[in-house]
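What follows is the content of coords-v2.cif, which has mmCIF, C-alpha atoms; chains and numbers go by the auth columns:
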data_run
#
loop_
_atom_site.group_PDB
_atom_site.id
_atom_site.type_symbol
_atom_site.label_atom_id
_atom_site.label_comp_id
_atom_site.label_asym_id
_atom_site.label_seq_id
_atom_site.Cartn_x
_atom_site.Cartn_y
_atom_site.Cartn_z
_atom_site.B_iso_or_equiv
_atom_site.auth_seq_id
_atom_site.auth_asym_id
ATOM 1 C CA MET A 1 105.434 80.167 126.068 0.00 167 A
ATOM 2 C CA SER A 2 102.465 81.673 124.219 0.00 168 A
ATOM 3 C CA THR A 3 101.652 80.652 120.658 0.00 169 A
ATOM 4 C CA SER A 4 102.493 84.114 119.321 0.00 170 A
ATOM 5 C CA ARG A 5 105.918 84.082 120.980 0.00 171 A
ATOM 6 C CA VAL A 6 106.596 80.606 119.614 0.00 172 A
ATOM 7 C CA PHE A 7 105.557 81.744 116.131 0.00 173 A
ATOM 8 C CA TRP A 8 107.846 84.779 116.082 0.00 174 A
ATOM 9 C CA THR A 9 110.696 82.733 117.533 0.00 175 A
ATOM 10 C CA LEU A 10 110.307 80.283 114.646 0.00 176 A
ATOM 11 C CA VAL A 11 110.141 83.186 112.167 0.00 177 A
ATOM 12 C CA ARG A 12 113.384 84.654 113.533 0.00 178 A
ATOM 13 C CA ASN A 13 115.042 81.253 113.354 0.00 179 A
ATOM 14 C CA ASP A 14 113.954 80.657 109.749 0.00 180 A
ATOM 15 C CA SER A 15 114.964 84.198 108.758 0.00 181 A
ATOM 16 C CA ARG A 16 118.394 83.702 110.283 0.00 182 A
ATOM 17 C CA LEU A 17 118.858 80.414 108.460 0.00 183 A
ATOM 18 C CA GLY A 18 117.714 82.036 105.241 0.00 184 A
ATOM 19 C CA SER A 19 120.398 84.691 105.393 0.00 185 A
ATOM 20 C CA THR A 20 123.275 82.652 106.802 0.00 186 A
ATOM 21 C CA PHE A 21 126.619 83.874 105.460 0.00 187 A
ATOM 22 C CA ARG A 22 129.276 81.191 105.752 0.00 188 A
ATOM 23 C CA PHE A 23 132.595 82.601 106.886 0.00 189 A
ATOM 24 C CA ASP A 24 135.849 80.727 107.393 0.00 190 A
ATOM 25 C CA LYS A 25 136.611 81.091 111.105 0.00 191 A
ATOM 26 C CA ALA A 26 140.278 80.366 110.490 0.00 192 A
ATOM 27 C CA ARG A 27 140.557 83.704 108.711 0.00 193 A
ATOM 28 C CA GLY A 28 139.684 85.719 111.795 0.00 194 A
ATOM 29 C CA ASN A 29 137.087 86.474 114.416 0.00 195 A
ATOM 30 C CA VAL A 30 134.965 88.775 112.272 0.00 196 A
ATOM 31 C CA SER A 31 131.296 87.869 112.593 0.00 197 A
ATOM 32 C CA ALA A 32 129.444 86.509 109.576 0.00 198 A
ATOM 33 C CA LEU A 33 127.071 89.473 109.565 0.00 199 A
ATOM 34 C CA ALA A 34 129.890 92.019 109.691 0.00 200 A
ATOM 35 C CA ALA A 35 131.718 90.235 106.874 0.00 201 A
ATOM 36 C CA TYR A 36 128.562 90.186 104.773 0.00 202 A
ATOM 37 C CA LEU A 37 127.851 93.883 105.351 0.00 203 A
ATOM 38 C CA LEU A 38 131.470 94.783 104.615 0.00 204 A
ATOM 39 C CA ALA A 39 131.471 92.830 101.339 0.00 205 A
ATOM 40 C CA PHE A 40 128.125 94.305 100.291 0.00 206 A
ATOM 41 C CA GLY A 41 129.265 97.839 101.167 0.00 207 A
ATOM 42 C CA ILE A 42 132.477 97.489 99.170 0.00 208 A
ATOM 43 C CA VAL A 43 130.696 96.119 96.098 0.00 209 A
ATOM 44 C CA PHE A 44 127.980 98.776 96.303 0.00 210 A
ATOM 45 C CA ALA A 45 130.519 101.595 96.740 0.00 211 A
ATOM 46 C CA LEU A 46 132.698 100.404 93.858 0.00 212 A
ATOM 47 C CA GLY A 47 129.655 100.005 91.630 0.00 213 A
ATOM 48 C CA GLY A 48 128.517 103.523 92.503 0.00 214 A
ATOM 49 C CA LEU A 49 131.965 104.962 91.781 0.00 215 A
ATOM 50 C CA LEU A 50 132.149 103.237 88.389 0.00 216 A
ATOM 51 C CA LEU A 51 128.656 104.384 87.434 0.00 217 A
ATOM 52 C CA GLY A 52 129.375 107.905 88.623 0.00 218 A
ATOM 53 C CA PHE A 53 132.639 108.058 86.671 0.00 219 A
ATOM 54 C CA GLY A 54 130.939 106.771 83.516 0.00 220 A
ATOM 55 C CA MET A 55 128.093 109.272 83.777 0.00 221 A
ATOM 56 C CA HIS A 56 130.492 112.106 84.532 0.00 222 A
ATOM 57 C CA ILE A 57 132.527 111.634 81.352 0.00 223 A
ATOM 58 C CA SER A 58 129.775 110.531 78.947 0.00 224 A
ATOM 59 C CA ASP A 59 126.311 111.949 78.278 0.00 225 A
ATOM 60 C CA LEU A 60 125.546 108.900 76.127 0.00 226 A
ATOM 61 C CA PHE A 61 126.373 106.536 78.993 0.00 227 A
ATOM 62 C CA ALA A 62 124.122 108.529 81.323 0.00 228 A
ATOM 63 C CA GLU A 63 121.280 108.339 78.807 0.00 229 A
ATOM 64 C CA ARG A 64 121.713 104.568 78.528 0.00 230 A
ATOM 65 C CA VAL A 65 121.626 104.205 82.317 0.00 231 A
ATOM 66 C CA ILE A 66 118.393 106.204 82.456 0.00 232 A
ATOM 67 C CA ALA A 67 116.843 104.109 79.678 0.00 233 A
ATOM 68 C CA ILE A 68 117.759 100.844 81.431 0.00 234 A
ATOM 69 C CA LEU A 69 116.530 102.153 84.784 0.00 235 A
ATOM 70 C CA ASP A 70 113.294 103.287 83.149 0.00 236 A
ATOM 71 C CA PHE A 71 112.734 99.815 81.671 0.00 237 A
ATOM 72 C CA LEU A 72 113.513 97.947 84.902 0.00 238 A
ATOM 73 C CA ILE A 73 111.336 100.161 87.101 0.00 239 A
ATOM 74 C CA THR A 74 108.293 100.706 84.886 0.00 240 A
ATOM 75 C CA PRO A 75 105.628 97.993 85.404 0.00 241 A
ATOM 76 C CA ASN A 76 106.091 95.654 82.439 0.00 242 A
ATOM 77 C CA ALA A 77 106.124 91.921 81.797 0.00 243 A
ATOM 78 C CA PHE A 78 109.817 91.533 82.713 0.00 244 A
ATOM 79 C CA THR A 79 109.656 93.605 85.907 0.00 245 A
ATOM 80 C CA ILE A 80 106.428 92.065 87.160 0.00 246 A
ATOM 81 C CA THR A 81 107.606 88.504 86.429 0.00 247 A
ATOM 82 C CA PHE A 82 110.891 89.185 88.228 0.00 248 A
ATOM 83 C CA LEU A 83 109.184 90.696 91.277 0.00 249 A
ATOM 84 C CA PHE A 84 106.716 87.789 91.384 0.00 250 A
ATOM 85 C CA TYR A 85 109.483 85.199 91.194 0.00 251 A
ATOM 86 C CA ILE A 86 111.470 86.572 94.139 0.00 252 A
ATOM 87 C CA PRO A 87 108.979 85.765 96.975 0.00 253 A
ATOM 88 C CA PHE A 88 108.317 82.373 95.347 0.00 254 A
ATOM 89 C CA ALA A 89 112.056 81.605 95.266 0.00 255 A
ATOM 90 C CA PHE A 90 112.625 82.816 98.832 0.00 256 A
ATOM 91 C CA THR A 91 110.041 80.430 100.284 0.00 257 A
ATOM 92 C CA SER A 92 110.246 77.443 97.932 0.00 258 A
ATOM 93 C CA GLU A 93 113.784 76.613 99.102 0.00 259 A
ATOM 94 C CA MET A 94 113.080 76.894 102.830 0.00 260 A
ATOM 95 C CA LEU A 95 111.404 73.546 103.434 0.00 261 A
ATOM 96 C CA PRO A 96 113.703 71.414 101.208 0.00 262 A
ATOM 97 C CA ARG A 97 116.608 72.943 103.131 0.00 263 A
ATOM 98 C CA GLU A 98 115.428 71.046 106.230 0.00 264 A
ATOM 99 C CA TRP A 99 116.084 67.804 104.330 0.00 265 A
ATOM 100 C CA LYS A 100 119.374 69.110 102.953 0.00 266 A
ATOM 101 C CA ASN A 101 120.644 70.112 106.404 0.00 267 A
ATOM 102 C CA GLY A 102 119.340 66.946 108.037 0.00 268 A
ATOM 103 C CA THR A 103 117.106 68.880 110.440 0.00 269 A
ATOM 104 C CA VAL A 104 113.716 67.775 109.109 0.00 270 A
ATOM 105 C CA GLY A 105 113.309 65.159 111.839 0.00 271 A
ATOM 106 C CA TRP A 106 113.840 67.772 114.529 0.00 272 A
ATOM 107 C CA TRP A 107 111.615 70.307 112.715 0.00 273 A
ATOM 108 C CA LEU A 108 108.639 67.978 112.204 0.00 274 A
ATOM 109 C CA THR A 109 108.788 66.643 115.766 0.00 275 A
ATOM 110 C CA LEU A 110 108.541 70.082 117.367 0.00 276 A
ATOM 111 C CA PRO A 111 105.465 70.169 119.658 0.00 277 A
ATOM 112 C CA TYR A 112 103.647 72.633 117.432 0.00 278 A
ATOM 113 C CA SER A 113 101.056 72.339 114.705 0.00 279 A
ATOM 114 C CA ARG A 114 102.013 72.036 111.033 0.00 280 A
ATOM 115 C CA LYS A 115 100.094 75.267 110.471 0.00 281 A
ATOM 116 C CA LEU A 116 102.393 77.108 112.871 0.00 282 A
ATOM 117 C CA LEU A 117 105.546 75.594 111.364 0.00 283 A
ATOM 118 C CA LEU A 118 104.610 76.376 107.753 0.00 284 A
ATOM 119 C CA GLY A 119 103.259 79.793 108.701 0.00 285 A
ATOM 120 C CA ALA A 120 106.616 80.714 110.251 0.00 286 A
ATOM 121 C CA LYS A 121 108.479 79.738 107.096 0.00 287 A
ATOM 122 C CA SER A 122 106.054 81.701 104.928 0.00 288 A
ATOM 123 C CA MET A 123 106.398 84.784 107.124 0.00 289 A
ATOM 124 C CA ALA A 124 110.195 84.506 107.078 0.00 290 A
ATOM 125 C CA GLY A 125 110.111 84.382 103.269 0.00 291 A
ATOM 126 C CA PHE A 126 107.807 87.402 103.203 0.00 292 A
ATOM 127 C CA PHE A 127 110.184 89.422 105.405 0.00 293 A
ATOM 128 C CA ARG A 128 113.103 88.487 103.165 0.00 294 A
ATOM 129 C CA PHE A 129 111.099 89.793 100.211 0.00 295 A
ATOM 130 C CA ILE A 130 110.404 93.088 102.005 0.00 296 A
ATOM 131 C CA LYS A 131 114.139 93.507 102.618 0.00 297 A
ATOM 132 C CA PHE A 132 114.742 92.859 98.928 0.00 298 A
ATOM 133 C CA LEU A 133 112.228 95.576 97.979 0.00 299 A
ATOM 134 C CA LEU A 134 113.909 98.033 100.350 0.00 300 A
ATOM 135 C CA ILE A 135 117.290 97.332 98.761 0.00 301 A
ATOM 136 C CA LEU A 136 115.741 97.749 95.304 0.00 302 A
ATOM 137 C CA PHE A 137 114.176 101.081 96.235 0.00 303 A
ATOM 138 C CA ILE A 138 117.313 102.459 97.907 0.00 304 A
ATOM 139 C CA SER A 139 119.517 101.369 94.998 0.00 305 A
ATOM 140 C CA SER A 140 117.240 102.949 92.387 0.00 306 A
ATOM 141 C CA GLU A 141 117.032 106.212 94.354 0.00 307 A
ATOM 142 C CA TYR A 142 120.814 106.199 94.660 0.00 308 A
ATOM 143 C CA LEU A 143 121.172 105.895 90.889 0.00 309 A
ATOM 144 C CA ILE A 144 118.663 108.691 90.321 0.00 310 A
ATOM 145 C CA ILE A 145 120.557 111.011 92.674 0.00 311 A
ATOM 146 C CA LEU A 146 123.824 110.175 90.895 0.00 312 A
ATOM 147 C CA ILE A 147 122.329 111.041 87.518 0.00 313 A
ATOM 148 C CA ILE A 148 120.719 114.258 88.745 0.00 314 A
ATOM 149 C CA TYR A 149 123.936 115.618 90.231 0.00 315 A
ATOM 150 C CA LEU A 150 126.426 114.262 87.679 0.00 316 A
ATOM 151 C CA GLN A 151 124.525 114.708 84.428 0.00 317 A
ATOM 152 C CA PRO A 152 121.619 117.143 84.913 0.00 318 A
ATOM 153 C CA ASP A 153 121.436 118.000 81.186 0.00 319 A
ATOM 154 C CA VAL A 154 121.142 114.589 79.551 0.00 320 A
ATOM 155 C CA GLU A 155 118.591 114.315 76.774 0.00 321 A
ATOM 156 C CA ASN A 156 116.015 112.161 78.558 0.00 322 A
ATOM 157 C CA PHE A 157 116.442 113.686 82.018 0.00 323 A
ATOM 158 C CA ALA A 158 112.665 114.290 82.089 0.00 324 A
ATOM 159 C CA LEU A 159 112.193 110.565 82.754 0.00 325 A
ATOM 160 C CA LEU A 160 113.758 110.933 86.191 0.00 326 A
ATOM 161 C CA HIS A 161 111.106 113.032 87.898 0.00 327 A
ATOM 162 C CA ASP A 162 108.543 110.208 88.041 0.00 328 A
ATOM 163 C CA LEU A 163 110.898 107.238 88.482 0.00 329 A
ATOM 164 C CA PRO A 164 110.437 107.196 92.294 0.00 330 A
ATOM 165 C CA GLN A 165 106.671 107.073 91.769 0.00 331 A
ATOM 166 C CA ARG A 166 107.036 104.144 89.388 0.00 332 A
ATOM 167 C CA VAL A 167 109.305 102.344 91.853 0.00 333 A
ATOM 168 C CA LEU A 168 106.729 102.731 94.606 0.00 334 A
ATOM 169 C CA TYR A 169 103.896 101.572 92.352 0.00 335 A
ATOM 170 C CA SER A 170 105.778 98.468 91.166 0.00 336 A
ATOM 171 C CA CYS A 171 106.726 97.623 94.760 0.00 337 A
ATOM 172 C CA THR A 172 103.097 98.104 95.837 0.00 338 A
ATOM 173 C CA ILE A 173 101.865 95.633 93.210 0.00 339 A
ATOM 174 C CA ALA A 174 104.550 93.172 94.276 0.00 340 A
ATOM 175 C CA LEU A 175 103.525 93.487 97.942 0.00 341 A
ATOM 176 C CA LEU A 176 99.811 93.049 97.154 0.00 342 A
ATOM 177 C CA LEU A 177 100.449 89.845 95.230 0.00 343 A
ATOM 178 C CA SER A 178 103.275 88.567 97.434 0.00 344 A
ATOM 179 C CA PRO A 179 100.973 86.540 99.781 0.00 345 A
ATOM 180 C CA PHE A 180 99.945 84.399 96.807 0.00 346 A
ATOM 181 C CA PHE A 181 103.510 83.866 95.587 0.00 347 A
ATOM 182 C CA VAL A 182 104.804 83.238 99.108 0.00 348 A
ATOM 183 C CA SER A 183 102.166 80.517 99.517 0.00 349 A
ATOM 184 C CA MET A 184 103.077 79.239 96.059 0.00 350 A
ATOM 185 C CA GLY A 185 106.670 78.884 97.196 0.00 351 A
ATOM 186 C CA THR A 186 105.706 77.175 100.449 0.00 352 A
ATOM 187 C CA THR A 187 103.371 74.776 98.646 0.00 353 A
ATOM 188 C CA GLY A 188 106.003 74.071 96.003 0.00 354 A
ATOM 189 C CA GLY A 189 108.527 73.234 98.706 0.00 355 A
ATOM 190 C CA VAL A 190 106.066 70.845 100.356 0.00 356 A
ATOM 191 C CA LEU A 191 105.148 69.177 97.055 0.00 357 A
ATOM 192 C CA SER A 192 108.807 68.653 96.209 0.00 358 A
ATOM 193 C CA LYS A 193 108.983 66.309 99.218 0.00 359 A
ATOM 194 C CA ALA A 194 105.498 64.789 98.934 0.00 360 A
ATOM 195 C CA GLN A 195 104.810 61.220 97.843 0.00 361 A
ATOM 196 C CA MET A 196 102.219 62.258 95.279 0.00 362 A
ATOM 197 C CA LYS A 197 102.253 61.465 91.588 0.00 363 A
ATOM 198 C CA GLY A 198 101.022 64.053 89.123 0.00 364 A
ATOM 199 C CA LEU A 199 100.749 67.035 91.466 0.00 365 A
ATOM 200 C CA PRO A 200 104.261 68.377 90.751 0.00 366 A
ATOM 201 C CA VAL A 201 103.163 68.659 87.107 0.00 367 A
ATOM 202 C CA ILE A 202 99.643 69.968 87.767 0.00 368 A
ATOM 203 C CA PHE A 203 100.890 72.639 90.187 0.00 369 A
ATOM 204 C CA PRO A 204 102.812 74.726 87.580 0.00 370 A
ATOM 205 C CA ALA A 205 99.814 74.433 85.237 0.00 371 A
ATOM 206 C CA LEU A 206 97.539 75.884 87.915 0.00 372 A
ATOM 207 C CA PHE A 207 100.051 78.649 88.499 0.00 373 A
ATOM 208 C CA LEU A 208 100.044 79.590 84.807 0.00 374 A
ATOM 209 C CA ALA A 209 96.233 79.445 84.732 0.00 375 A
ATOM 210 C CA VAL A 210 96.013 81.967 87.571 0.00 376 A
ATOM 211 C CA ILE A 211 98.479 84.323 85.891 0.00 377 A
ATOM 212 C CA VAL A 212 96.683 84.118 82.542 0.00 378 A
ATOM 213 C CA GLY A 213 93.346 84.640 84.312 0.00 379 A
ATOM 214 C CA ILE A 214 94.552 87.818 86.021 0.00 380 A
ATOM 215 C CA PHE A 215 96.097 89.277 82.876 0.00 381 A
ATOM 216 C CA SER A 216 93.039 88.476 80.753 0.00 382 A
ATOM 217 C CA SER A 217 90.588 90.043 83.221 0.00 383 A
ATOM 218 C CA PRO A 218 89.766 93.713 83.884 0.00 384 A
ATOM 219 C CA LEU A 219 92.405 93.554 86.617 0.00 385 A
ATOM 220 C CA ARG A 220 95.096 93.729 83.934 0.00 386 A
ATOM 221 C CA ALA A 221 94.728 97.535 84.077 0.00 387 A
ATOM 222 C CA VAL A 222 96.694 97.363 87.321 0.00 388 A
ATOM 223 C CA PHE A 223 99.768 96.259 85.351 0.00 389 A
ATOM 224 C CA SER A 224 99.603 98.992 82.735 0.00 390 A
ATOM 225 C CA SER A 225 102.843 100.928 82.218 0.00 391 A
ATOM 226 C CA VAL A 226 100.964 104.201 82.865 0.00 392 A
ATOM 227 C CA ALA A 227 98.802 102.999 85.778 0.00 393 A
ATOM 228 C CA TYR A 228 101.090 104.727 88.277 0.00 394 A
ATOM 229 C CA LEU A 229 99.884 108.120 86.988 0.00 395 A
ATOM 230 C CA SER A 230 96.363 107.431 88.261 0.00 396 A
ATOM 231 C CA PRO A 231 96.367 104.233 90.341 0.00 397 A
ATOM 232 C CA PRO A 232 93.181 102.135 89.976 0.00 398 A
ATOM 233 C CA TRP A 233 92.569 101.774 93.705 0.00 399 A
ATOM 234 C CA LEU A 234 89.531 99.489 93.391 0.00 400 A
ATOM 235 C CA SER A 235 91.394 97.132 91.074 0.00 401 A
ATOM 236 C CA LEU A 236 94.382 97.137 93.426 0.00 402 A
ATOM 237 C CA LEU A 237 92.078 96.198 96.304 0.00 403 A
ATOM 238 C CA LEU A 238 90.582 93.376 94.226 0.00 404 A
ATOM 239 C CA VAL A 239 94.059 92.142 93.316 0.00 405 A
ATOM 240 C CA PHE A 240 94.942 92.004 97.015 0.00 406 A
ATOM 241 C CA GLY A 241 91.696 90.131 97.756 0.00 407 A
ATOM 242 C CA VAL A 242 92.400 87.570 95.038 0.00 408 A
ATOM 243 C CA SER A 243 95.968 87.215 96.309 0.00 409 A
ATOM 244 C CA MET A 244 94.864 86.613 99.908 0.00 410 A
ATOM 245 C CA GLY A 245 92.098 84.208 98.902 0.00 411 A
ATOM 246 C CA LEU A 246 94.349 82.049 96.724 0.00 412 A
ATOM 247 C CA SER A 247 97.114 82.276 99.321 0.00 413 A
ATOM 248 C CA THR A 248 94.804 80.929 102.032 0.00 414 A
ATOM 249 C CA LEU A 249 93.674 78.012 99.854 0.00 415 A
ATOM 250 C CA LEU A 250 97.252 77.104 98.932 0.00 416 A
ATOM 251 C CA PHE A 251 98.419 77.387 102.531 0.00 417 A
ATOM 252 C CA PHE A 252 95.834 74.953 103.892 0.00 418 A
ATOM 253 C CA PHE A 253 96.455 72.629 100.951 0.00 419 A
ATOM 254 C CA ALA A 254 100.168 72.638 101.828 0.00 420 A
ATOM 255 C CA ILE A 255 99.356 71.867 105.479 0.00 421 A
ATOM 256 C CA ASN A 256 97.217 68.892 104.450 0.00 422 A
ATOM 257 C CA VAL A 257 99.976 67.557 102.174 0.00 423 A
ATOM 258 C CA LEU A 258 102.616 68.022 104.872 0.00 424 A
ATOM 259 C CA GLU A 259 100.513 66.131 107.410 0.00 425 A
ATOM 260 C CA HIS A 260 99.534 63.178 105.240 0.00 426 A
ATOM 261 C CA LYS A 261 101.858 62.873 102.254 0.00 427 A
ATOM 262 C CA VAL A 262 105.325 63.883 103.448 0.00 428 A
ATOM 263 C CA GLU A 263 107.601 61.330 105.024 0.00 429 A
ATOM 264 C CA LEU A 264 110.919 61.819 106.811 0.00 430 A
#
Produce structure tokens that represent the structure in this file.
Amino acid sequence: MSTSRVFWTLVRNDSRLGSTFRFDKARGNVSALAAYLLAFGIVFALGGLLLGFGMHISDLFAERVIAILDFLITPNAFTITFLFYIPFAFTSEMLPREWKNGTVGWWLTLPYSRKLLLGAKSMAGFFRFIKFLLILFISSEYLIILIIYLQPDVENFALLHDLPQRVLYSCTIALLLSPFFVSMGTTGGVLSKAQMKGLPVIFPALFLAVIVGIFSSPLRAVFSSVAYLSPPWLSLLLVFGVSMGLSTLLFFFAINVLEHKVEL
């Protein structure tokens, strides 16, 4: 089997493990995926009905929904921090799960390089993050459509026309910086199992230093709440370059730690 086929097989396996939905077989023969989709569909539909009913009977409620949606979608400290944390969380739990499930011995003895094994986990975490962004975008567009058709005359309706643009811009920033935070998560997962004193404390400090460095540099214009009106393309390209550079350094650091400092 070629290296590329092995890599994507490992990615599919890690992605499947990352989204496992435990279902009691004694309750029926419904597949785990079908049960998950059914539960998600019911919750989403009920939430949409409740929101639609509230907006239909109350202009004030509709205005509050718009204000909250505006805050959550516009690039700000809360939104950016939340979007940065998601890819980190998705990947940081993947490697410790091998210890939790008792499969680390099998995983580390696979006849493939540590680079291939860690790369597959990082890619699986990245794909999970992309799915999260798609759900975020679809949900926000759904809310916007509800407001437009149920309460077209609310006081701050003007905010709605550029909300999709702000969603896309926030998601773009998150995607550009996601390689760095995916590698952060992978490295954090490796360090949590490494026999190294001091590094678990130094690692968060380095993380904060990078964040402060980005926000105190000219690149901070990328995170402006009005940057979506005229995107700074050069700064966005530089942000992606910084993200990829730091991601590469962290990835090879994690490989070195996994090879020499992690024990079964």
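As for atom CA of Ile310 of chain A and atom CA of Arg230 of chain A, they are spaced 12.9 Å apart.
Minimum atom-to-atom distances from A:Val172, A:Ala233, A:Leu274, A:Met410 to Leu342 of chain A were compared using all atoms listed in the file, and the lowest value belongs to A:Met410.
From atom CA of Phe298 of chain A back to atom CA of Trp273 of chain A, the distance works out to 26.6 Å.
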**Message:** Here's the selection I'm unsure about, the PyMOL selection byres ((chain A and resi 293) around 12); applied to the file above, which residues does it give, as a PyMOL selection string?
**Reply:** chain A and resi 174+177-178+180-182+184-185+252-253+256-257+286-292+294-300+341+344-345+348
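The smallest atom-to-atom distance between Phe373 of chain A and any of A:Tyr278, A:Arg263, A:Phe254, A:Ser401, using only C-alpha atoms, is found for A:Phe254.
Here atom CA of Val388 of chain A is placed at a distance of 17.3 Å from atom CA of Leu329 of chain A.
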**Message:** So that I can check the surroundings of Pro398 of chain A, please list as a PyMOL selection string every protein, DNA and RNA residue that reaches within 12 Å of it, counting only C-alpha atoms and ignoring chain neighbours fewer than 3 positions away.
**Reply:** chain A and resi 335+339+384-390+392-395+401-405
**Message:** Measuring between only C-alpha atoms, which one of A:Leu357, A:Met350, A:Ala375, A:Leu261 shows the shortest distance to Leu415 of chain A?
**Reply:** A:Met350
Kindly provide, as JSON, the centre and edge lengths (Å, one decimal) of an axis-aligned box around all atoms of segment 373-388 of chain A given in the file, with 8 Å on each side.
{"center_x": 94.9, "center_y": 88.1, "center_z": 84.6, "size_x": 26.3, "size_y": 34.9, "size_z": 23.7}
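Distances to Tyr251 of chain A were evaluated for A:Gly271, A:Gly351, A:Pro277, A:Pro330 using all atoms listed in the file, and the minimum falls at A:Gly351.
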